[in-house]
Amino acid sequence: QQRQLCPLGVGQRALGVDSSLAGWTYRTLALRVESLDDPEGGLRLWLPLRVERLGVLEARTEVLDGARMRRCRALAALLAPIITSKRAYSDTFVRQARTQPMQLPAEMVRAFLPPRTIGNEQAVSTAVLEPAYELGGDAFDHSMTQGTLHAAIIDSMGHDLAAGLATSVA
């Protein structure tokens, strides 16, 4: 539903997409740096995980110079394809992000959806389906060639298994 960022670490709390600096990074795909108010001090960096909006990376550091910034950006760039490749073979990321069980028609459609966000230097395309857990006949597709963004919105009649199957076939 893209309302909160769910941490991969144990014992950490979710952060609101609309109410946190991490969420600002997620929405804008831009680096955010903040001073830490704890006794240790230092800085917290929020780095986007690619244009596909996989999430954000939190990095803490005492000082921020050019070399450390390049290392943080390299780490974010390295983590993004690792997470993408693991998502195809594990339910861990999906289970952690969900706030309620998903019905079979919604699972069928989601299995065939492209990434929610795609982009390049010229354009970014983002699509979401709401209500996220009750869809059955709704879907989207988007792709980019060198100079063209192609988009499709599919709405099979109904929100049941037959509608989900029709949309999946389409």
# chains A, B, ... in the order shown; residues from 1 in each chain; ligands from 1

$ residues_around --residues "A:Val124" --least-positions-apart "6" --cutoff "12 Å" --atoms "only C-alpha atoms" --output "count of residues only"
18

$ residues_around --residues "A:Leu57" --least-positions-apart "4" --cutoff "7 Å" --atoms "only C-alpha atoms" --output "MDAnalysis selection string"
chainID A and resid 46:49 76

$ write_last_selection --atoms "N, CA and C atoms" --output "PDB file, in the first residue's frame"
ATOM      1  N   TRP A  46      19.761   8.724   4.595  1.00  0.00           N
ATOM      2  CA  TRP A  46      18.734   7.897   3.982  1.00  0.00           C
ATOM      3  C   TRP A  46      19.003   7.907   2.484  1.00  0.00           C
ATOM      4  N   LEU A  47      19.248   6.725   1.922  1.00  0.00           N
ATOM      5  CA  LEU A  47      19.560   6.612   0.499  1.00  0.00           C
ATOM      6  C   LEU A  47      18.489   5.767  -0.188  1.00  0.00           C
ATOM      7  N   PRO A  48      18.005   6.208  -1.355  1.00  0.00           N
ATOM      8  CA  PRO A  48      16.999   5.413  -2.071  1.00  0.00           C
ATOM      9  C   PRO A  48      17.626   4.151  -2.659  1.00  0.00           C
ATOM     10  N   LEU A  49      16.837   3.090  -2.687  1.00  0.00           N
ATOM     11  CA  LEU A  49      17.274   1.847  -3.320  1.00  0.00           C
ATOM     12  C   LEU A  49      16.687   1.802  -4.728  1.00  0.00           C
ATOM     13  N   ALA A  76      24.148   1.142  -1.471  1.00  0.00           N
ATOM     14  CA  ALA A  76      22.731   1.177  -1.866  1.00  0.00           C
ATOM     15  C   ALA A  76      22.555   0.588  -3.266  1.00  0.00           C
TER      16      ALA A  76
END

$ closest_residue --among "A:Pro105, A:Gly9, A:Pro114, A:Gly158" --to "A:Glu58" --atoms "only C-alpha atoms"
A:Gly9

$ atom_distance --atom1 "atom CA of A:Arg44" --atom2 "atom CA of A:Leu31"
10.6 Å

$ select_by_dssp --residues "chain A" --states "strand (DSSP E)" --output "PyMOL selection string"
chain A and resi 4-5+15-16+32-35+43-48+56-61+117-119+124-126+138-144+149-155

$ residues_around --residues "stretch 38-40 of chain A" --least-positions-apart "5" --cutoff "12 Å" --atoms "only C-alpha atoms" --output "PDB file with all heavy atoms, in the first residue's frame"
ATOM      1  N   ARG A  60      24.566   5.271   9.163  1.00  0.00           N
ATOM      2  CA  ARG A  60      24.996   6.218  10.192  1.00  0.00           C
ATOM      3  C   ARG A  60      26.507   6.383  10.105  1.00  0.00           C
ATOM      4  O   ARG A  60      27.231   5.420   9.883  1.00  0.00           O
ATOM      5  CB  ARG A  60      24.617   5.710  11.580  1.00  0.00           C
ATOM      6  CG  ARG A  60      23.131   5.670  11.786  1.00  0.00           C
ATOM      7  CD  ARG A  60      22.787   5.156  13.145  1.00  0.00           C
ATOM      8  NE  ARG A  60      21.345   5.096  13.291  1.00  0.00           N
ATOM      9  CZ  ARG A  60      20.727   5.239  14.436  1.00  0.00           C
ATOM     10  NH1 ARG A  60      21.404   5.450  15.539  1.00  0.00           N
ATOM     11  NH2 ARG A  60      19.425   5.162  14.492  1.00  0.00           N
ATOM     12  N   THR A  61      26.950   7.616  10.305  1.00  0.00           N
ATOM     13  CA  THR A  61      28.371   7.899  10.206  1.00  0.00           C
ATOM     14  C   THR A  61      28.727   9.081  11.119  1.00  0.00           C
ATOM     15  O   THR A  61      27.883   9.917  11.417  1.00  0.00           O
ATOM     16  CB  THR A  61      28.776   8.198   8.743  1.00  0.00           C
ATOM     17  OG1 THR A  61      30.177   8.426   8.677  1.00  0.00           O
ATOM     18  CG2 THR A  61      28.044   9.397   8.193  1.00  0.00           C
ATOM     19  N   GLU A  62      29.969   9.119  11.532  1.00  0.00           N
ATOM     20  CA  GLU A  62      30.454  10.243  12.347  1.00  0.00           C
ATOM     21  C   GLU A  62      30.626  11.494  11.500  1.00  0.00           C
ATOM     22  O   GLU A  62      30.229  12.582  11.886  1.00  0.00           O
ATOM     23  CB  GLU A  62      31.808   9.868  12.984  1.00  0.00           C
ATOM     24  CG  GLU A  62      31.732   8.736  13.982  1.00  0.00           C
ATOM     25  CD  GLU A  62      31.018   9.146  15.258  1.00  0.00           C
ATOM     26  OE1 GLU A  62      31.233  10.281  15.722  1.00  0.00           O
ATOM     27  OE2 GLU A  62      30.235   8.333  15.765  1.00  0.00           O
TER      28      GLU A  62
END

$ select_by_dssp --residues "stretch 30-69 of chain A" --states "alpha helix (DSSP H)" --output "NGL selection string"
:A and (66-69)

$ residues_around --residues "A:Val109" --least-positions-apart "5" --cutoff "12 Å" --atoms "only C-alpha atoms" --output "mmCIF file with C-alpha atoms, in the first residue's frame"
data_model
loop_
_atom_site.group_PDB
_atom_site.id
_atom_site.type_symbol
_atom_site.label_atom_id
_atom_site.label_comp_id
_atom_site.auth_asym_id
_atom_site.auth_seq_id
_atom_site.Cartn_x
_atom_site.Cartn_y
_atom_site.Cartn_z
ATOM 1 C CA MET A 102 -4.166 -11.466 0.523
ATOM 2 C CA GLN A 103 -6.917 -13.401 -1.264
ATOM 3 C CA LEU A 104 -6.208 -15.769 -4.182
ATOM 4 C CA PRO A 114 5.697 -5.586 -13.352
ATOM 5 C CA LEU A 129 -3.534 -0.916 -7.099
ATOM 6 C CA ALA A 132 -4.341 -3.503 -2.290
ATOM 7 C CA TYR A 133 -5.730 -6.691 -0.745
ATOM 8 C CA GLU A 134 -9.061 -7.001 -2.537
ATOM 9 C CA LEU A 135 -8.210 -6.609 -6.195
ATOM 10 C CA GLY A 136 -9.099 -9.307 -8.659
ATOM 11 C CA GLY A 137 -9.688 -7.874 -12.099
ATOM 12 C CA ASP A 138 -7.488 -4.781 -11.968
ATOM 13 C CA ALA A 139 -3.908 -4.600 -13.236
ATOM 14 C CA PHE A 140 -1.378 -2.373 -14.934
ATOM 15 C CA ASP A 141 1.620 -2.779 -17.168
ATOM 16 C CA ILE A 154 -6.537 -3.404 -17.302
ATOM 17 C CA ASP A 155 -9.910 -3.733 -15.564
ATOM 18 C CA SER A 156 -11.656 -7.070 -16.033
ATOM 19 C CA HIS A 159 -13.256 -8.844 -8.247
ATOM 20 C CA ASP A 160 -13.400 -12.604 -8.102
ATOM 21 C CA LEU A 161 -11.286 -15.535 -9.253
ATOM 22 C CA ALA A 162 -12.622 -15.375 -12.843
ATOM 23 C CA ALA A 163 -11.736 -11.667 -13.111
ATOM 24 C CA GLY A 164 -8.277 -12.335 -11.686
ATOM 25 C CA LEU A 165 -7.737 -15.142 -14.192
ATOM 26 C CA ALA A 166 -8.913 -12.989 -17.114
ATOM 27 C CA THR A 167 -6.606 -10.179 -16.084
ATOM 28 C CA SER A 168 -3.670 -12.549 -15.586
ATOM 29 C CA VAL A 169 -4.181 -13.965 -19.088
ATOM 30 C CA ALA A 170 -4.462 -10.454 -20.571
#

$ closest_residue --among "A:Ala106, A:Leu21, A:Leu45, A:Ala111" --to "A:Arg87" --atoms "only C-alpha atoms"
A:Ala111

$ closest_residue --among "A:Pro131, A:Gly66, A:Pro101, A:Gly147" --to "A:Gly119" --atoms "only C-alpha atoms"
A:Gly147

$ residues_around --residues "A:Ile83" --least-positions-apart "3" --cutoff "10 Å" --atoms "only C-alpha atoms" --output "count of residues only"
10

$ decode --residues "stretch 31-73 of chain A" --atoms "N, CA and C atoms" --output "PDB file, in the first residue's frame"
ATOM      1  N   LEU A  31      18.667  11.631  -1.773  1.00  0.00           N
ATOM      2  CA  LEU A  31      19.392  11.444  -0.519  1.00  0.00           C
ATOM      3  C   LEU A  31      18.913  12.444   0.525  1.00  0.00           C
ATOM      4  N   ARG A  32      18.841  11.994   1.769  1.00  0.00           N
ATOM      5  CA  ARG A  32      18.493  12.887   2.875  1.00  0.00           C
ATOM      6  C   ARG A  32      19.495  12.657   4.002  1.00  0.00           C
ATOM      7  N   VAL A  33      20.022  13.735   4.569  1.00  0.00           N
ATOM      8  CA  VAL A  33      20.994  13.661   5.666  1.00  0.00           C
ATOM      9  C   VAL A  33      20.418  14.411   6.852  1.00  0.00           C
ATOM     10  N   GLU A  34      20.537  13.816   8.046  1.00  0.00           N
ATOM     11  CA  GLU A  34      20.064  14.486   9.259  1.00  0.00           C
ATOM     12  C   GLU A  34      21.075  14.306  10.378  1.00  0.00           C
ATOM     13  N   SER A  35      21.125  15.267  11.287  1.00  0.00           N
ATOM     14  CA  SER A  35      21.979  15.185  12.469  1.00  0.00           C
ATOM     15  C   SER A  35      21.278  14.343  13.521  1.00  0.00           C
ATOM     16  N   LEU A  36      22.044  13.487  14.192  1.00  0.00           N
ATOM     17  CA  LEU A  36      21.480  12.666  15.258  1.00  0.00           C
ATOM     18  C   LEU A  36      21.540  13.430  16.568  1.00  0.00           C
ATOM     19  N   ASP A  37      20.466  13.374  17.321  1.00  0.00           N
ATOM     20  CA  ASP A  37      20.378  14.105  18.581  1.00  0.00           C
ATOM     21  C   ASP A  37      20.792  13.268  19.783  1.00  0.00           C
ATOM     22  N   ASP A  38      21.289  12.061  19.552  1.00  0.00           N
ATOM     23  CA  ASP A  38      21.687  11.228  20.694  1.00  0.00           C
ATOM     24  C   ASP A  38      23.090  11.617  21.170  1.00  0.00           C
ATOM     25  N   PRO A  39      23.533  11.114  22.341  1.00  0.00           N
ATOM     26  CA  PRO A  39      24.827  11.502  22.900  1.00  0.00           C
ATOM     27  C   PRO A  39      26.020  11.185  21.993  1.00  0.00           C
ATOM     28  N   GLU A  40      25.889  10.143  21.165  1.00  0.00           N
ATOM     29  CA  GLU A  40      26.997   9.783  20.272  1.00  0.00           C
ATOM     30  C   GLU A  40      27.126  10.749  19.104  1.00  0.00           C
ATOM     31  N   GLY A  41      26.046  11.446  18.781  1.00  0.00           N
ATOM     32  CA  GLY A  41      26.071  12.397  17.675  1.00  0.00           C
ATOM     33  C   GLY A  41      26.183  11.706  16.333  1.00  0.00           C
ATOM     34  N   GLY A  42      26.760  12.381  15.390  1.00  0.00           N
ATOM     35  CA  GLY A  42      26.930  11.814  14.060  1.00  0.00           C
ATOM     36  C   GLY A  42      25.795  12.201  13.128  1.00  0.00           C
ATOM     37  N   LEU A  43      25.755  11.506  12.009  1.00  0.00           N
ATOM     38  CA  LEU A  43      24.784  11.787  10.960  1.00  0.00           C
ATOM     39  C   LEU A  43      24.058  10.510  10.566  1.00  0.00           C
ATOM     40  N   ARG A  44      22.829  10.672  10.115  1.00  0.00           N
ATOM     41  CA  ARG A  44      22.058   9.568   9.547  1.00  0.00           C
ATOM     42  C   ARG A  44      21.777   9.922   8.098  1.00  0.00           C
ATOM     43  N   LEU A  45      22.070   9.005   7.206  1.00  0.00           N
ATOM     44  CA  LEU A  45      21.795   9.188   5.788  1.00  0.00           C
ATOM     45  C   LEU A  45      20.681   8.238   5.392  1.00  0.00           C
ATOM     46  N   TRP A  46      19.761   8.724   4.595  1.00  0.00           N
ATOM     47  CA  TRP A  46      18.734   7.897   3.982  1.00  0.00           C
ATOM     48  C   TRP A  46      19.003   7.907   2.484  1.00  0.00           C
ATOM     49  N   LEU A  47      19.248   6.725   1.922  1.00  0.00           N
ATOM     50  CA  LEU A  47      19.560   6.612   0.499  1.00  0.00           C
ATOM     51  C   LEU A  47      18.489   5.767  -0.188  1.00  0.00           C
ATOM     52  N   PRO A  48      18.005   6.208  -1.355  1.00  0.00           N
ATOM     53  CA  PRO A  48      16.999   5.413  -2.071  1.00  0.00           C
ATOM     54  C   PRO A  48      17.626   4.151  -2.659  1.00  0.00           C
ATOM     55  N   LEU A  49      16.837   3.090  -2.687  1.00  0.00           N
ATOM     56  CA  LEU A  49      17.274   1.847  -3.320  1.00  0.00           C
ATOM     57  C   LEU A  49      16.687   1.802  -4.728  1.00  0.00           C
ATOM     58  N   ARG A  50      17.354   2.439  -5.636  1.00  0.00           N
ATOM     59  CA  ARG A  50      17.060   2.497  -7.064  1.00  0.00           C
ATOM     60  C   ARG A  50      15.762   3.209  -7.386  1.00  0.00           C
ATOM     61  N   VAL A  51      15.598   3.439  -8.664  1.00  0.00           N
ATOM     62  CA  VAL A  51      14.434   4.162  -9.154  1.00  0.00           C
ATOM     63  C   VAL A  51      13.170   3.309  -9.022  1.00  0.00           C
ATOM     64  N   GLU A  52      13.301   1.986  -8.864  1.00  0.00           N
ATOM     65  CA  GLU A  52      12.133   1.117  -8.729  1.00  0.00           C
ATOM     66  C   GLU A  52      11.469   1.243  -7.366  1.00  0.00           C
ATOM     67  N   ARG A  53      12.012   2.067  -6.498  1.00  0.00           N
ATOM     68  CA  ARG A  53      11.459   2.303  -5.163  1.00  0.00           C
ATOM     69  C   ARG A  53      11.319   1.004  -4.372  1.00  0.00           C
ATOM     70  N   LEU A  54      12.431   0.301  -4.229  1.00  0.00           N
ATOM     71  CA  LEU A  54      12.446  -0.902  -3.399  1.00  0.00           C
ATOM     72  C   LEU A  54      12.363  -0.547  -1.927  1.00  0.00           C
ATOM     73  N   GLY A  55      12.862   0.600  -1.569  1.00  0.00           N
ATOM     74  CA  GLY A  55      12.908   1.037  -0.185  1.00  0.00           C
ATOM     75  C   GLY A  55      14.026   2.035  -0.012  1.00  0.00           C
ATOM     76  N   VAL A  56      14.513   2.150   1.217  1.00  0.00           N
ATOM     77  CA  VAL A  56      15.614   3.064   1.516  1.00  0.00           C
ATOM     78  C   VAL A  56      16.636   2.342   2.383  1.00  0.00           C
ATOM     79  N   LEU A  57      17.843   2.850   2.362  1.00  0.00           N
ATOM     80  CA  LEU A  57      18.931   2.352   3.191  1.00  0.00           C
ATOM     81  C   LEU A  57      19.262   3.417   4.224  1.00  0.00           C
ATOM     82  N   GLU A  58      19.333   3.012   5.486  1.00  0.00           N
ATOM     83  CA  GLU A  58      19.758   3.917   6.549  1.00  0.00           C
ATOM     84  C   GLU A  58      21.235   3.658   6.829  1.00  0.00           C
ATOM     85  N   ALA A  59      22.031   4.698   6.796  1.00  0.00           N
ATOM     86  CA  ALA A  59      23.458   4.594   7.127  1.00  0.00           C
ATOM     87  C   ALA A  59      23.781   5.653   8.173  1.00  0.00           C
ATOM     88  N   ARG A  60      24.566   5.271   9.163  1.00  0.00           N
ATOM     89  CA  ARG A  60      24.996   6.218  10.192  1.00  0.00           C
ATOM     90  C   ARG A  60      26.507   6.383  10.105  1.00  0.00           C
ATOM     91  N   THR A  61      26.950   7.616  10.305  1.00  0.00           N
ATOM     92  CA  THR A  61      28.371   7.899  10.206  1.00  0.00           C
ATOM     93  C   THR A  61      28.727   9.081  11.119  1.00  0.00           C
ATOM     94  N   GLU A  62      29.969   9.119  11.532  1.00  0.00           N
ATOM     95  CA  GLU A  62      30.454  10.243  12.347  1.00  0.00           C
ATOM     96  C   GLU A  62      30.626  11.494  11.500  1.00  0.00           C
ATOM     97  N   VAL A  63      31.270  11.330  10.359  1.00  0.00           N
ATOM     98  CA  VAL A  63      31.513  12.446   9.437  1.00  0.00           C
ATOM     99  C   VAL A  63      31.126  12.003   8.036  1.00  0.00           C
ATOM    100  N   LEU A  64      30.835  12.968   7.197  1.00  0.00           N
ATOM    101  CA  LEU A  64      30.452  12.666   5.822  1.00  0.00           C
ATOM    102  C   LEU A  64      31.361  13.430   4.876  1.00  0.00           C
ATOM    103  N   ASP A  65      32.180  12.702   4.175  1.00  0.00           N
ATOM    104  CA  ASP A  65      33.040  13.303   3.164  1.00  0.00           C
ATOM    105  C   ASP A  65      32.733  12.629   1.824  1.00  0.00           C
ATOM    106  N   GLY A  66      33.431  13.041   0.789  1.00  0.00           N
ATOM    107  CA  GLY A  66      33.168  12.519  -0.551  1.00  0.00           C
ATOM    108  C   GLY A  66      33.369  11.018  -0.656  1.00  0.00           C
ATOM    109  N   ALA A  67      34.438  10.506  -0.051  1.00  0.00           N
ATOM    110  CA  ALA A  67      34.715   9.066  -0.136  1.00  0.00           C
ATOM    111  C   ALA A  67      33.634   8.255   0.577  1.00  0.00           C
ATOM    112  N   ARG A  68      33.219   8.702   1.746  1.00  0.00           N
ATOM    113  CA  ARG A  68      32.181   7.974   2.503  1.00  0.00           C
ATOM    114  C   ARG A  68      30.843   8.037   1.766  1.00  0.00           C
ATOM    115  N   MET A  69      30.546   9.174   1.156  1.00  0.00           N
ATOM    116  CA  MET A  69      29.306   9.307   0.385  1.00  0.00           C
ATOM    117  C   MET A  69      29.309   8.336  -0.794  1.00  0.00           C
ATOM    118  N   ARG A  70      30.445   8.237  -1.499  1.00  0.00           N
ATOM    119  CA  ARG A  70      30.532   7.291  -2.622  1.00  0.00           C
ATOM    120  C   ARG A  70      30.339   5.869  -2.144  1.00  0.00           C
ATOM    121  N   ARG A  71      30.897   5.514  -0.979  1.00  0.00           N
ATOM    122  CA  ARG A  71      30.734   4.162  -0.432  1.00  0.00           C
ATOM    123  C   ARG A  71      29.274   3.880  -0.074  1.00  0.00           C
ATOM    124  N   CYS A  72      28.611   4.853   0.515  1.00  0.00           N
ATOM    125  CA  CYS A  72      27.195   4.676   0.873  1.00  0.00           C
ATOM    126  C   CYS A  72      26.335   4.496  -0.383  1.00  0.00           C
ATOM    127  N   ARG A  73      26.586   5.308  -1.387  1.00  0.00           N
ATOM    128  CA  ARG A  73      25.834   5.177  -2.650  1.00  0.00           C
ATOM    129  C   ARG A  73      26.129   3.835  -3.321  1.00  0.00           C
TER     130      ARG A  73
END
